[in-house]
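Enquirer: Take a look at structure-v4.txt, compact mmCIF, C-alpha atoms and all ligand atoms:
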```txt
# COMPACT_ATOMS: atom_id res chain seq x y z
CA MET A 80 73.81 83.16 81.34
CA ARG A 81 74.96 80.02 83.03
CA SER A 82 78.71 79.46 82.73
CA TRP A 83 80.06 75.89 82.83
CA SER A 84 81.43 73.84 85.68
CA ALA A 85 85.02 74.23 86.85
CA PRO A 86 87.57 71.45 86.97
CA LYS A 87 89.63 71.22 90.16
CA VAL A 88 93.05 72.82 89.91
CA PRO A 89 95.68 71.24 92.18
CA ARG A 90 97.86 73.59 94.25
CA LEU A 91 101.54 73.26 93.45
CA PRO A 92 104.46 73.85 95.81
CA GLY A 93 105.97 77.35 95.64
CA VAL A 94 104.82 80.16 93.36
CA GLY A 95 105.15 80.56 89.60
CA ALA A 96 106.99 83.43 87.93
CA PRO A 97 105.20 86.42 86.38
CA LEU A 98 103.61 85.51 83.05
CA ARG A 99 105.13 87.07 79.92
CA LEU A 100 102.97 87.32 76.82
CA PHE A 101 103.21 88.71 73.30
CA ASP A 102 101.14 91.89 73.18
CA THR A 103 99.98 92.63 69.64
CA ALA A 104 99.78 96.37 70.38
CA ALA A 105 103.36 96.50 71.70
CA GLY A 106 104.62 94.09 69.05
CA GLU A 107 106.73 92.20 71.57
CA VAL A 108 106.72 89.84 74.51
CA GLY A 109 106.50 91.60 77.85
CA PRO A 110 105.50 90.84 81.45
CA THR A 111 101.84 90.92 82.42
CA GLN A 112 101.57 92.91 85.64
CA PRO A 113 98.22 92.15 87.20
CA GLY A 114 97.20 93.22 90.67
CA PRO A 115 96.04 90.60 93.20
CA THR A 116 93.14 89.93 90.84
CA ALA A 117 94.12 89.49 87.21
CA ARG A 118 91.42 90.56 84.76
CA LEU A 119 90.87 88.62 81.54
CA TYR A 120 88.36 89.13 78.73
CA VAL A 121 88.16 86.53 75.97
CA CYS A 122 85.86 86.96 73.00
CA GLY A 123 83.33 84.15 72.85
CA ILE A 124 81.67 82.28 70.02
CA THR A 125 79.01 83.37 67.60
CA PRO A 126 76.78 80.38 68.27
CA TYR A 127 75.51 79.30 64.87
CA ASP A 128 77.55 76.12 64.56
CA ALA A 129 79.44 73.71 66.81
CA THR A 130 82.82 74.41 68.40
CA HIS A 131 85.63 73.50 66.00
CA LEU A 132 89.30 72.86 66.73
CA GLY A 133 90.21 76.45 65.86
CA HIS A 134 87.91 77.76 68.61
CA ALA A 135 89.22 75.12 71.01
CA ASN A 136 92.80 76.17 70.26
CA THR A 137 92.02 79.80 71.04
CA TYR A 138 90.13 79.06 74.29
CA LEU A 139 92.88 76.69 75.36
CA ALA A 140 95.49 79.45 74.93
CA PHE A 141 93.63 81.74 77.33
CA ASP A 142 92.96 78.87 79.70
CA LEU A 143 96.74 78.59 79.98
CA VAL A 144 96.94 82.32 80.78
CA ASN A 145 94.34 81.75 83.50
CA ARG A 146 96.27 78.78 84.95
CA LEU A 147 99.65 80.52 84.88
CA TRP A 148 98.26 83.57 86.65
CA ARG A 149 96.72 81.38 89.34
CA ASP A 150 100.00 79.56 89.74
CA ALA A 151 101.68 82.95 90.25
CA GLY A 152 99.29 83.60 93.16
CA HIS A 153 96.64 85.77 91.48
CA GLU A 154 92.93 85.40 91.55
CA VAL A 155 91.60 85.53 88.02
CA HIS A 156 88.50 87.45 87.03
CA PHE A 157 87.59 86.07 83.63
CA THR A 158 84.68 87.33 81.53
CA GLN A 159 83.43 86.05 78.19
CA ASN A 160 80.61 86.99 75.84
CA ALA A 161 78.53 85.01 73.40
CA THR A 162 77.50 86.87 70.25
CA ASP A 163 73.96 85.54 70.42
CA VAL A 164 72.55 88.02 67.94
CA ASP A 165 74.48 88.95 64.78
CA ASP A 166 74.21 88.67 61.00
CA PRO A 167 75.78 85.20 60.51
CA LEU A 168 73.57 83.70 63.24
CA LEU A 169 70.41 85.24 61.80
CA GLU A 170 71.40 84.16 58.28
CA ARG A 171 72.00 80.56 59.36
CA ALA A 172 68.70 80.46 61.24
CA GLU A 173 66.91 81.80 58.16
CA GLN A 174 68.60 79.30 55.79
CA THR A 175 67.77 76.31 57.98
CA GLY A 176 64.33 77.46 59.06
CA GLN A 177 65.16 77.54 62.76
CA ASP A 178 64.36 80.09 65.40
CA TRP A 179 67.56 82.13 65.91
CA ARG A 180 67.18 81.99 69.69
CA GLU A 181 66.89 78.21 69.72
CA LEU A 182 69.89 77.87 67.40
CA ALA A 183 72.00 80.09 69.66
CA GLU A 184 70.88 78.33 72.82
CA ARG A 185 71.61 74.89 71.42
CA GLU A 186 75.08 75.79 70.15
CA ILE A 187 75.97 77.60 73.38
CA GLU A 188 74.99 74.51 75.35
CA LEU A 189 77.16 72.33 73.11
CA PHE A 190 80.01 74.82 73.56
CA ARG A 191 79.69 74.50 77.35
CA THR A 192 79.95 70.72 77.19
CA ASP A 193 82.96 70.97 74.84
CA MET A 194 84.68 73.43 77.18
CA GLU A 195 83.99 71.20 80.18
CA ALA A 196 85.34 68.15 78.38
CA LEU A 197 88.50 70.04 77.46
CA ARG A 198 88.83 71.23 81.06
CA ILE A 199 88.78 74.91 80.16
CA LEU A 200 88.26 76.95 83.34
CA PRO A 201 84.91 78.73 83.10
CA PRO A 202 84.47 82.52 83.04
CA ARG A 203 83.02 84.18 86.15
CA GLU A 204 80.55 85.94 83.86
CA TYR A 205 79.40 84.31 80.65
CA VAL A 206 77.25 86.96 79.01
CA GLY A 207 74.97 86.74 76.00
CA VAL A 208 74.64 90.03 74.15
CA THR A 209 70.85 89.77 74.20
CA GLU A 210 71.03 89.89 78.02
CA VAL A 211 72.73 93.28 78.05
CA ILE A 212 71.17 95.31 75.23
CA ASP A 213 70.44 98.17 77.67
CA GLN A 214 74.07 98.34 78.81
CA VAL A 215 75.23 98.41 75.21
CA ALA A 216 72.78 101.20 74.40
CA GLU A 217 73.99 103.19 77.43
CA LEU A 218 77.56 102.93 76.22
CA ILE A 219 76.54 104.13 72.77
CA GLU A 220 74.75 107.07 74.42
CA LEU A 221 77.95 107.91 76.26
CA LEU A 222 79.87 107.86 72.99
CA ARG A 223 77.16 110.02 71.43
CA ASP A 224 77.49 112.52 74.28
CA LYS A 225 81.23 112.69 73.63
CA GLY A 226 80.50 113.58 70.00
CA ALA A 227 82.00 110.34 68.67
CA THR A 228 78.96 109.06 66.77
CA TYR A 229 76.69 110.05 63.90
CA ASP A 230 73.44 108.88 62.44
CA LEU A 231 73.07 107.43 58.95
CA ASP A 232 69.47 106.62 58.00
CA GLY A 233 68.69 105.52 61.56
CA ASP A 234 71.90 103.50 62.00
CA VAL A 235 74.47 104.83 64.47
CA TYR A 236 78.15 104.87 63.46
CA PHE A 237 81.35 105.45 65.40
CA ASP A 238 83.22 108.33 63.80
CA VAL A 239 86.79 107.08 63.40
CA ALA A 240 88.00 110.70 63.43
CA ALA A 241 87.07 110.74 67.16
CA ALA A 242 89.70 108.05 67.90
CA PRO A 243 93.08 109.77 67.90
CA LYS A 244 95.00 106.55 68.43
CA PHE A 245 93.22 104.51 65.76
CA GLY A 246 95.59 101.82 64.48
CA ALA A 247 97.50 101.50 67.75
CA VAL A 248 96.30 97.96 68.51
CA SER A 249 96.84 96.32 65.13
CA GLY A 250 99.60 98.54 63.77
CA TYR A 251 98.14 97.86 60.31
CA SER A 252 98.37 100.21 57.34
CA GLU A 253 95.17 101.94 56.23
CA GLU A 254 95.13 99.82 53.08
CA ARG A 255 95.25 96.60 55.08
CA MET A 256 92.62 97.90 57.50
CA LEU A 257 90.28 98.70 54.63
CA ASP A 258 90.77 95.28 53.13
CA LEU A 259 90.16 93.41 56.42
CA PHE A 260 87.28 95.67 57.41
CA GLY A 261 85.41 94.63 54.25
CA GLN A 262 86.17 90.94 54.82
CA ARG A 263 85.24 90.86 58.51
CA GLY A 264 81.78 92.30 58.79
CA GLY A 265 82.50 95.97 58.03
CA ASP A 266 80.91 98.09 55.31
CA PRO A 267 83.67 100.29 53.85
CA ASP A 268 81.67 101.09 50.72
CA ARG A 269 78.40 102.22 52.25
CA ALA A 270 77.40 105.58 50.80
CA GLY A 271 76.99 108.48 53.23
CA LYS A 272 79.65 107.42 55.75
CA LYS A 273 82.13 110.08 56.77
CA HIS A 274 85.04 107.64 56.55
CA PRO A 275 85.04 104.09 55.09
CA LEU A 276 86.36 102.69 58.41
CA ASP A 277 83.56 104.19 60.54
CA TRP A 278 81.87 101.22 62.16
CA LEU A 279 78.33 100.38 63.09
CA LEU A 280 77.32 100.77 66.75
CA TRP A 281 73.57 100.36 66.42
CA ARG A 282 71.68 98.90 63.50
CA ALA A 283 68.15 100.15 63.03
CA GLU A 284 65.48 97.47 62.76
CA ARG A 285 65.24 95.71 59.37
CA PRO A 286 62.10 93.79 58.40
CA GLY A 287 62.08 90.29 59.87
CA GLU A 288 65.05 90.91 62.16
CA PRO A 289 64.99 90.90 65.96
CA SER A 290 65.15 94.34 67.54
CA TRP A 291 65.07 96.08 70.89
CA PRO A 292 64.02 99.60 71.90
CA SER A 293 66.79 102.12 72.54
CA PRO A 294 67.34 105.89 72.66
CA PHE A 295 68.26 105.58 68.95
CA GLY A 296 65.08 103.72 68.04
CA GLN A 297 64.30 100.02 67.56
CA GLY A 298 67.31 98.01 66.50
CA ARG A 299 70.21 95.86 67.65
CA PRO A 300 73.85 96.40 68.61
CA GLY A 301 76.74 96.29 66.17
CA TRP A 302 79.46 93.74 66.84
CA HIS A 303 82.44 95.47 68.49
CA ILE A 304 80.46 97.52 71.00
CA GLU A 305 79.08 94.36 72.64
CA CYS A 306 82.49 93.23 73.87
CA THR A 307 83.44 96.74 74.95
CA ALA A 308 80.26 97.04 77.02
CA ILE A 309 80.55 93.57 78.57
CA ALA A 310 84.24 94.03 79.41
CA LEU A 311 83.63 97.49 80.90
CA ALA A 312 80.66 96.38 82.99
CA ASN A 313 82.45 93.38 84.48
CA LEU A 314 86.16 94.16 84.47
CA GLY A 315 86.35 97.94 84.15
CA SER A 316 88.78 99.60 81.76
CA GLY A 317 92.51 99.00 81.96
CA PHE A 318 92.03 95.24 82.47
CA ASP A 319 95.01 92.96 81.94
CA VAL A 320 94.40 90.94 78.81
CA ALA A 321 91.93 91.09 75.95
CA GLY A 322 92.13 87.87 73.99
CA GLY A 323 90.91 86.05 70.93
CA GLY A 324 92.17 84.56 67.70
CA SER A 325 94.34 86.64 65.38
CA ASP A 326 91.36 87.23 63.08
CA LEU A 327 90.03 89.53 65.83
CA ILE A 328 93.01 91.91 65.80
CA PHE A 329 91.32 94.05 63.20
CA PRO A 330 88.72 95.39 63.18
CA HIS A 331 87.26 93.83 66.35
CA HIS A 332 89.88 94.54 69.01
CA GLU A 333 91.05 97.73 67.33
CA CYS A 334 87.54 99.22 67.29
CA GLY A 335 86.71 97.97 70.77
CA ALA A 336 89.84 99.58 72.21
CA HIS A 337 88.84 103.00 70.88
CA GLU A 338 85.23 102.67 71.99
CA GLY A 339 86.50 101.97 75.48
CA HIS A 340 89.06 104.76 75.35
CA VAL A 341 86.68 107.43 74.07
CA ALA A 342 83.95 106.37 76.51
CA GLY A 343 86.12 106.11 79.60
CA GLY A 344 89.14 108.24 78.88
CA GLU A 345 91.57 105.49 79.81
CA TRP A 346 94.26 104.23 77.44
CA PRO A 347 94.99 101.48 76.86
CA PHE A 348 91.56 99.91 77.27
CA ALA A 349 93.28 96.55 77.83
CA LYS A 350 96.89 96.46 78.99
CA ALA A 351 97.70 93.72 76.51
CA TYR A 352 96.02 92.40 73.37
CA VAL A 353 96.87 88.75 73.00
CA HIS A 354 96.05 86.65 69.95
CA ALA A 355 96.11 82.96 69.17
CA GLY A 356 97.06 81.70 65.71
CA MET A 357 94.64 80.29 63.17
CA VAL A 358 94.04 76.59 62.76
CA ALA A 359 93.54 75.49 59.17
CA LEU A 360 92.16 72.41 57.47
CA ASP A 361 93.02 71.52 53.86
CA GLY A 362 95.01 74.69 53.41
CA GLU A 363 92.36 77.13 54.61
CA LYS A 364 91.49 78.71 57.95
CA MET A 365 88.83 76.61 59.66
CA SER A 366 85.72 78.71 59.60
CA LYS A 367 82.02 78.25 60.01
CA SER A 368 81.39 80.25 56.85
CA LYS A 369 83.69 78.01 54.74
CA GLY A 370 82.47 74.81 56.41
CA ASN A 371 85.93 73.12 56.55
CA LEU A 372 85.51 72.11 60.15
CA VAL A 373 86.61 69.46 62.61
CA PHE A 374 84.16 69.66 65.49
CA VAL A 375 85.29 69.06 69.04
CA SER A 376 82.01 67.29 69.82
CA ARG A 377 82.55 64.86 66.91
CA LEU A 378 86.17 64.19 67.83
CA ARG A 379 85.23 63.57 71.46
CA GLN A 380 83.05 60.63 70.43
CA GLU A 381 86.10 58.65 69.42
CA THR A 382 88.93 60.29 71.39
CA ASP A 383 89.80 61.12 74.97
CA PRO A 384 89.38 64.92 75.32
CA MET A 385 92.74 64.99 77.10
CA ALA A 386 94.35 63.71 73.90
CA ILE A 387 92.62 66.53 71.99
CA ARG A 388 94.04 68.97 74.52
CA LEU A 389 97.52 67.47 74.09
CA ALA A 390 97.26 67.63 70.30
CA LEU A 391 96.53 71.37 70.52
CA LEU A 392 99.26 71.95 73.12
CA ALA A 393 101.82 70.51 70.70
CA HIS A 394 101.59 73.82 68.76
CA HIS A 395 102.67 77.19 70.06
CA TYR A 396 99.52 79.24 70.63
CA ARG A 397 100.67 82.04 68.33
CA SER A 398 101.52 79.90 65.34
CA ASP A 399 99.16 79.22 62.46
CA TRP A 400 99.01 75.53 61.73
CA GLU A 401 97.11 72.91 59.86
CA TRP A 402 95.15 70.11 61.46
CA THR A 403 95.88 66.57 60.25
CA ALA A 404 94.50 63.33 61.68
CA ASP A 405 97.97 61.93 62.49
CA GLN A 406 98.40 64.62 65.17
CA MET A 407 95.60 62.97 67.11
CA ALA A 408 97.40 59.63 66.95
CA SER A 409 100.65 61.09 68.34
CA ALA A 410 98.75 62.86 71.10
CA GLU A 411 97.13 59.56 72.09
CA VAL A 412 100.54 57.88 72.26
CA ARG A 413 101.88 60.73 74.41
CA LEU A 414 98.87 60.60 76.74
CA ALA A 415 99.27 56.86 77.21
CA ARG A 416 103.01 57.21 77.98
CA TRP A 417 102.41 59.98 80.49
CA ARG A 418 99.65 57.97 82.16
CA SER A 419 101.88 54.93 82.44
CA ALA A 420 104.71 57.04 83.88
CA VAL A 421 102.60 58.73 86.58
CA GLY A 422 101.17 55.31 87.45
CA LEU A 423 104.60 54.02 88.50
CA PRO A 424 105.38 53.64 92.21
CA ALA A 425 108.43 55.93 91.89
CA GLY A 426 110.25 58.12 89.38
CA PRO A 427 112.99 60.70 88.88
CA GLU A 428 112.59 63.73 91.15
CA ALA A 429 109.98 66.18 89.88
CA GLU A 430 110.95 69.55 91.40
CA THR A 431 113.03 70.33 88.32
CA VAL A 432 110.08 69.36 86.13
CA LEU A 433 108.03 71.96 87.99
CA ALA A 434 110.72 74.64 87.66
CA GLU A 435 111.26 73.93 83.95
CA LEU A 436 107.57 73.79 83.16
CA ARG A 437 107.01 77.10 84.91
CA ALA A 438 109.93 78.60 83.00
CA ARG A 439 108.61 77.35 79.63
CA MET A 440 105.00 78.33 80.23
CA THR A 441 105.61 81.79 81.69
CA ASP A 442 107.74 82.59 78.63
CA ASP A 443 104.84 83.40 76.30
CA LEU A 444 103.19 80.01 76.86
CA ASP A 445 105.77 77.71 75.33
CA ALA A 446 103.54 74.63 75.55
CA PRO A 447 105.56 72.59 73.02
CA GLY A 448 108.63 73.21 75.22
CA ALA A 449 106.63 72.17 78.28
CA LEU A 450 105.53 68.92 76.60
CA ALA A 451 109.18 68.11 75.87
CA VAL A 452 110.02 68.55 79.58
CA VAL A 453 107.30 66.09 80.61
CA ASP A 454 108.24 63.69 77.80
CA ALA A 455 111.82 63.60 79.06
CA TRP A 456 110.71 62.87 82.62
CA ALA A 457 108.31 60.15 81.43
CA ASP A 458 111.04 58.54 79.32
CA ARG A 459 113.37 58.38 82.30
CA ALA A 460 110.63 57.11 84.59
CA LEU A 461 109.54 54.41 82.15
CA ALA A 462 113.16 53.34 81.68
CA GLY A 463 113.23 52.63 85.41
CA GLY A 464 115.21 55.71 86.39
CA GLY A 465 114.50 57.47 89.67
CA THR A 466 113.45 56.31 93.09
CA ASP A 467 111.39 59.24 94.34
CA PRO A 468 108.06 57.82 95.47
CA GLY A 469 106.44 61.29 95.49
CA ALA A 470 107.47 62.18 91.95
CA PRO A 471 104.70 60.52 89.89
CA ALA A 472 101.97 62.23 91.95
CA LEU A 473 103.71 65.59 91.72
CA VAL A 474 104.06 65.30 87.93
CA ARG A 475 100.39 64.39 87.72
CA ASP A 476 99.53 67.58 89.66
CA ILE A 477 101.90 69.77 87.61
CA VAL A 478 100.46 68.55 84.32
CA ASP A 479 96.93 69.03 85.66
CA ALA A 480 97.44 72.52 87.15
CA LEU A 481 99.61 74.10 84.47
CA LEU A 482 98.60 72.29 81.29
CA GLY A 483 95.05 71.31 82.27
CA VAL A 484 95.64 67.70 81.26
CA GLU A 485 94.19 65.16 83.68
CA LEU A 486 96.25 62.01 83.68
N1 LIG B 501 81.77 86.21 68.56
C1 LIG B 501 82.97 86.70 67.94
C2 LIG B 501 83.92 87.33 68.94
S1 LIG B 501 83.17 88.58 69.88
C3 LIG B 501 83.67 85.60 67.17
O1 LIG B 501 84.70 85.87 66.57
N2 LIG B 501 83.11 84.41 67.20
S2 LIG B 501 83.67 83.11 66.42
O2 LIG B 501 82.77 82.04 66.78
O3 LIG B 501 83.81 83.40 65.03
O4 LIG B 501 85.09 82.81 66.98
C4 LIG B 501 85.29 82.51 68.34
C5 LIG B 501 86.76 82.57 68.70
O5 LIG B 501 87.48 81.56 67.98
C6 LIG B 501 87.42 83.90 68.31
O6 LIG B 501 88.37 84.25 69.30
C7 LIG B 501 88.13 83.59 67.01
O7 LIG B 501 89.27 84.41 66.83
C8 LIG B 501 88.54 82.14 67.23
N3 LIG B 501 88.66 81.40 65.96
C9 LIG B 501 87.76 81.32 64.96
N4 LIG B 501 88.23 80.54 63.95
C10 LIG B 501 89.46 80.10 64.35
C11 LIG B 501 90.46 79.26 63.76
N5 LIG B 501 90.29 78.69 62.56
N6 LIG B 501 91.60 79.03 64.45
C12 LIG B 501 91.77 79.59 65.68
N7 LIG B 501 90.87 80.40 66.29
C13 LIG B 501 89.73 80.65 65.63
ZN ZN B 502 84.54 90.06 70.97
```
Kindly present the structure from the file in structure tokens form.
Ligand code: 5CA
Ligand code: ZN
Expert:
Amino acid sequence: MRSWSAPKVPRLPGVGAPLRLFDTAAGEVGPTQPGPTARLYVCGITPYDATHLGHANTYLAFDLVNRLWRDAGHEVHFTQNATDVDDPLLERAEQTGQDWRELAEREIELFRTDMEALRILPPREYVGVTEVIDQVAELIELLRDKGATYDLDGDVYFDVAAAPKFGAVSGYSEERMLDLFGQRGGDPDRAGKKHPLDWLLWRAERPGEPSWPSPFGQGRPGWHIECTAIALANLGSGFDVAGGGSDLIFPHHECGAHEGHVAGGEWPFAKAYVHAGMVALDGEKMSKSKGNLVFVSRLRQETDPMAIRLALLAHHYRSDWEWTADQMASAEVRLARWRSAVGLPAGPEAETVLAELRARMTDDLDAPGALAVVDAWADRALAGGGTDPGAPALVRDIVDALLGVEL
């Protein structure tokens, strides 16, 4: 599918340090070690409703990864999917009497405009699952040939017993896995499965549901296998970062990692599994199924998207936090101060701002720390300190390149 258009990223003097990130599988912060081209896969939306602030927060986190890698001199190969056929999408289309394809297309288009407004760098490949059903089916065939699948009344399951390292991504106990599996699209209680955690790879056609031909009969892909297939086809296995919100740790990234491992023999499937925290509203995780949402498209009607970006950056990407309207007001104040400061004819020297911002951001994306660095410079500049005529323009470029905020 069409991706979205890219904002310009200014080149900064010198080269940034290697990016360190918290890897869920390792349970600690460690250096990312990409080759000349860093490879990034970020799970995309299930397009049955508009982009909310929780989505925006997650995509912003990986946009920072992208920007910090570029600043360190890497090219970035970024791939993203859109889950344009799945149960929640089909259910919403059915409830509202819409065609599921039209619903998906409309919400994907709105997502593109939200991402552009927030200045999220676009993926090189933006892939709808319905575009790659054959690739997904080929991957399932490969898993079948390795003896990792079985048939249950026409549905094809991954046999968890074929994944010797199962649990290595999440580190969760079996009890917790079972609990989350049931909550997040799995079917632990289905009769006839060999193990409750076995997951669906191919779902045989049900009446009234879309389906495609495959070596396993008419049907459609299960959820996890889509991302494994799209990541493998575009990035290959052993790519640098697999990303998403923390609700994807289990089962989605866990199952995907073992699909990739069993199919390709390489472990780990992604070198690091990186997860953004959950944004809540009124005490509960923002989610399309609960309906407690603040939409980016709605917020953009009354607010500068750069203030939205700043409001999100005020939280560390890994923390869970709650959205409140006053955060927007403080972000607007900060944006205005920064704009005034970079509009001055001179300011305090900015090389240390660059060094400090790089230090904060390469240390597991400490955006709140980075904002404090820019705040301090802006305070000094607005108080009349500093005589460097090049400083305001350099700060403008630093904030643009590393934080994605256009002043
Ligand atoms: N299509 C799948 C991934 S393959 C999916 O999870 N779609 S989604 O639309 O439900 O979520 C899209 C992304 O936003 C995922 O990375 C998810 O982890 C993240 N996300 C969803 N809700 C929130 C939230 N409340 N806070 C932060 N991130 C969220
Ligand atoms: Zn995914």
Enquirer: Excluding same-chain residues fewer than 5 positions from A:Ala312, what lies within 12 Å of it counting only C-alpha atoms, as an NGL selection string?
Expert: :A and (120 or 158-160 or 204 or 206 or 211 or 213-215 or 217-218 or 305-307 or 318 or 339 or 343)
Enquirer: Take the residues that were just selected and, keeping C-alpha atoms, output them as an mmCIF file, in the frame of the given file.
Expert:
```
data_model
loop_
_atom_site.group_PDB
_atom_site.id
_atom_site.type_symbol
_atom_site.label_atom_id
_atom_site.label_comp_id
_atom_site.auth_asym_id
_atom_site.auth_seq_id
_atom_site.Cartn_x
_atom_site.Cartn_y
_atom_site.Cartn_z
ATOM 1 C CA TYR A 120 88.360 89.130 78.730
ATOM 2 C CA THR A 158 84.680 87.330 81.530
ATOM 3 C CA GLN A 159 83.430 86.050 78.190
ATOM 4 C CA ASN A 160 80.610 86.990 75.840
ATOM 5 C CA GLU A 204 80.550 85.940 83.860
ATOM 6 C CA VAL A 206 77.250 86.960 79.010
ATOM 7 C CA VAL A 211 72.730 93.280 78.050
ATOM 8 C CA ASP A 213 70.440 98.170 77.670
ATOM 9 C CA GLN A 214 74.070 98.340 78.810
ATOM 10 C CA VAL A 215 75.230 98.410 75.210
ATOM 11 C CA GLU A 217 73.990 103.190 77.430
ATOM 12 C CA LEU A 218 77.560 102.930 76.220
ATOM 13 C CA GLU A 305 79.080 94.360 72.640
ATOM 14 C CA CYS A 306 82.490 93.230 73.870
ATOM 15 C CA THR A 307 83.440 96.740 74.950
ATOM 16 C CA PHE A 318 92.030 95.240 82.470
ATOM 17 C CA GLY A 339 86.500 101.970 75.480
ATOM 18 C CA GLY A 343 86.120 106.110 79.600
#
```
Enquirer: Let me see if you get this right: every residue at most 8 Å from ligand ZN 502 (chain B), counting all atoms listed in the file, written as a CSV table (one decimal) with C-alpha atoms, keeping the file's coordinate frame.
Expert:
```csv
chain,number,residue,atom,x,y,z
A,121,VAL,CA,88.2,86.5,76.0
A,122,CYS,CA,85.9,87.0,73.0
A,123,GLY,CA,83.3,84.2,72.8
A,160,ASN,CA,80.6,87.0,75.8
A,162,THR,CA,77.5,86.9,70.2
A,302,TRP,CA,79.5,93.7,66.8
A,303,HIS,CA,82.4,95.5,68.5
A,305,GLU,CA,79.1,94.4,72.6
A,306,CYS,CA,82.5,93.2,73.9
A,307,THR,CA,83.4,96.7,75.0
A,323,GLY,CA,90.9,86.0,70.9
A,327,LEU,CA,90.0,89.5,65.8
A,331,HIS,CA,87.3,93.8,66.4
A,332,HIS,CA,89.9,94.5,69.0
```
Enquirer: Separation of atom CA of A:Tyr396 and atom CA of A:Thr431, in Å?
Expert: 24.0 Å
Enquirer: Would you mind listing what lies within 8 Å of A:Leu91 as a PyMOL selection string, with only C-alpha atoms counted and same-chain residues fewer than 4 positions away left out?
Expert: chain A and resi 150+476-477+480
Enquirer: Using all atoms listed in the file, find each residue of chain A with at least one atom at most 6 Å away from an atom of ligand LIG 501 (chain B); report its shortest atom-to-atom pair and that distance in Å (one decimal), sort the rows by chain and rising residue number, and return the result as JSON lines.
Expert:
```
{"residue": "A:Cys122", "atom": "CA", "partner": "B:LIG501", "partner_atom": "S1", "distance": 4.4}
{"residue": "A:Gly123", "atom": "CA", "partner": "B:LIG501", "partner_atom": "N1", "distance": 5.0}
{"residue": "A:Ile124", "atom": "CA", "partner": "B:LIG501", "partner_atom": "O2", "distance": 3.4}
{"residue": "A:Thr125", "atom": "CA", "partner": "B:LIG501", "partner_atom": "O2", "distance": 4.1}
{"residue": "A:Gly133", "atom": "CA", "partner": "B:LIG501", "partner_atom": "N6", "distance": 3.3}
{"residue": "A:His134", "atom": "CA", "partner": "B:LIG501", "partner_atom": "O5", "distance": 3.9}
{"residue": "A:Asn136", "atom": "CA", "partner": "B:LIG501", "partner_atom": "C12", "distance": 5.8}
{"residue": "A:Thr137", "atom": "CA", "partner": "B:LIG501", "partner_atom": "N7", "distance": 4.9}
{"residue": "A:Ala161", "atom": "CA", "partner": "B:LIG501", "partner_atom": "N1", "distance": 5.9}
{"residue": "A:Thr162", "atom": "CA", "partner": "B:LIG501", "partner_atom": "N1", "distance": 4.6}
{"residue": "A:Gly323", "atom": "CA", "partner": "B:LIG501", "partner_atom": "O6", "distance": 3.5}
{"residue": "A:Gly324", "atom": "CA", "partner": "B:LIG501", "partner_atom": "O7", "distance": 3.0}
{"residue": "A:Ser325", "atom": "CA", "partner": "B:LIG501", "partner_atom": "O7", "distance": 5.7}
{"residue": "A:Asp326", "atom": "CA", "partner": "B:LIG501", "partner_atom": "O7", "distance": 5.1}
{"residue": "A:Leu327", "atom": "CA", "partner": "B:LIG501", "partner_atom": "O7", "distance": 5.3}
{"residue": "A:Gly356", "atom": "CA", "partner": "B:LIG501", "partner_atom": "C12", "distance": 5.7}
{"residue": "A:Met357", "atom": "CA", "partner": "B:LIG501", "partner_atom": "N6", "distance": 3.5}
{"residue": "A:Val358", "atom": "CA", "partner": "B:LIG501", "partner_atom": "N6", "distance": 3.8}
{"residue": "A:Ala359", "atom": "CA", "partner": "B:LIG501", "partner_atom": "N5", "distance": 5.7}
{"residue": "A:Lys364", "atom": "CA", "partner": "B:LIG501", "partner_atom": "N5", "distance": 4.8}
{"residue": "A:Met365", "atom": "CA", "partner": "B:LIG501", "partner_atom": "N5", "distance": 3.9}
{"residue": "A:Ser366", "atom": "CA", "partner": "B:LIG501", "partner_atom": "N4", "distance": 5.3}
```
Enquirer: Could you please determine the separation between atom CA of A:Asn313 and atom CA of A:Asp102 in Å, to one decimal place?
Expert: 21.9 Å
Enquirer: So how many Å separate atom CA of A:Asn145 and atom CA of A:Tyr127, to one decimal?
Expert: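 Atom-to-atom, atom CA of A:Asn145 to atom CA of A:Tyr127, that is 26.6 Å.
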Enquirer: Considering only C-alpha atoms, state which residue in the set A:Asp224, A:Glu154, A:Asp442, A:Asp238 is at the smallest distance from A:His337.
Expert: A:Asp238
Enquirer: Around the point (106.1, 57.9, 96.9) (coordinates from the file), which residues reach within 12 Å if we count all atoms listed in the file? Answer as a short mmCIF file (atom, residue, chain, number, x, y, z; two decimals) with C-alpha atoms, in the coordinates of the input.
Expert:
```cif
data_model
loop_
_atom_site.label_atom_id
_atom_site.label_comp_id
_atom_site.auth_asym_id
_atom_site.auth_seq_id
_atom_site.Cartn_x
_atom_site.Cartn_y
_atom_site.Cartn_z
CA VAL A 421 102.60 58.73 86.58
CA GLY A 422 101.17 55.31 87.45
CA LEU A 423 104.60 54.02 88.50
CA PRO A 424 105.38 53.64 92.21
CA ALA A 425 108.43 55.93 91.89
CA GLY A 426 110.25 58.12 89.38
CA PRO A 427 112.99 60.70 88.88
CA GLU A 428 112.59 63.73 91.15
CA ALA A 429 109.98 66.18 89.88
CA GLY A 465 114.50 57.47 89.67
CA THR A 466 113.45 56.31 93.09
CA ASP A 467 111.39 59.24 94.34
CA PRO A 468 108.06 57.82 95.47
CA GLY A 469 106.44 61.29 95.49
CA ALA A 470 107.47 62.18 91.95
CA PRO A 471 104.70 60.52 89.89
CA ALA A 472 101.97 62.23 91.95
CA LEU A 473 103.71 65.59 91.72
CA VAL A 474 104.06 65.30 87.93
#
```
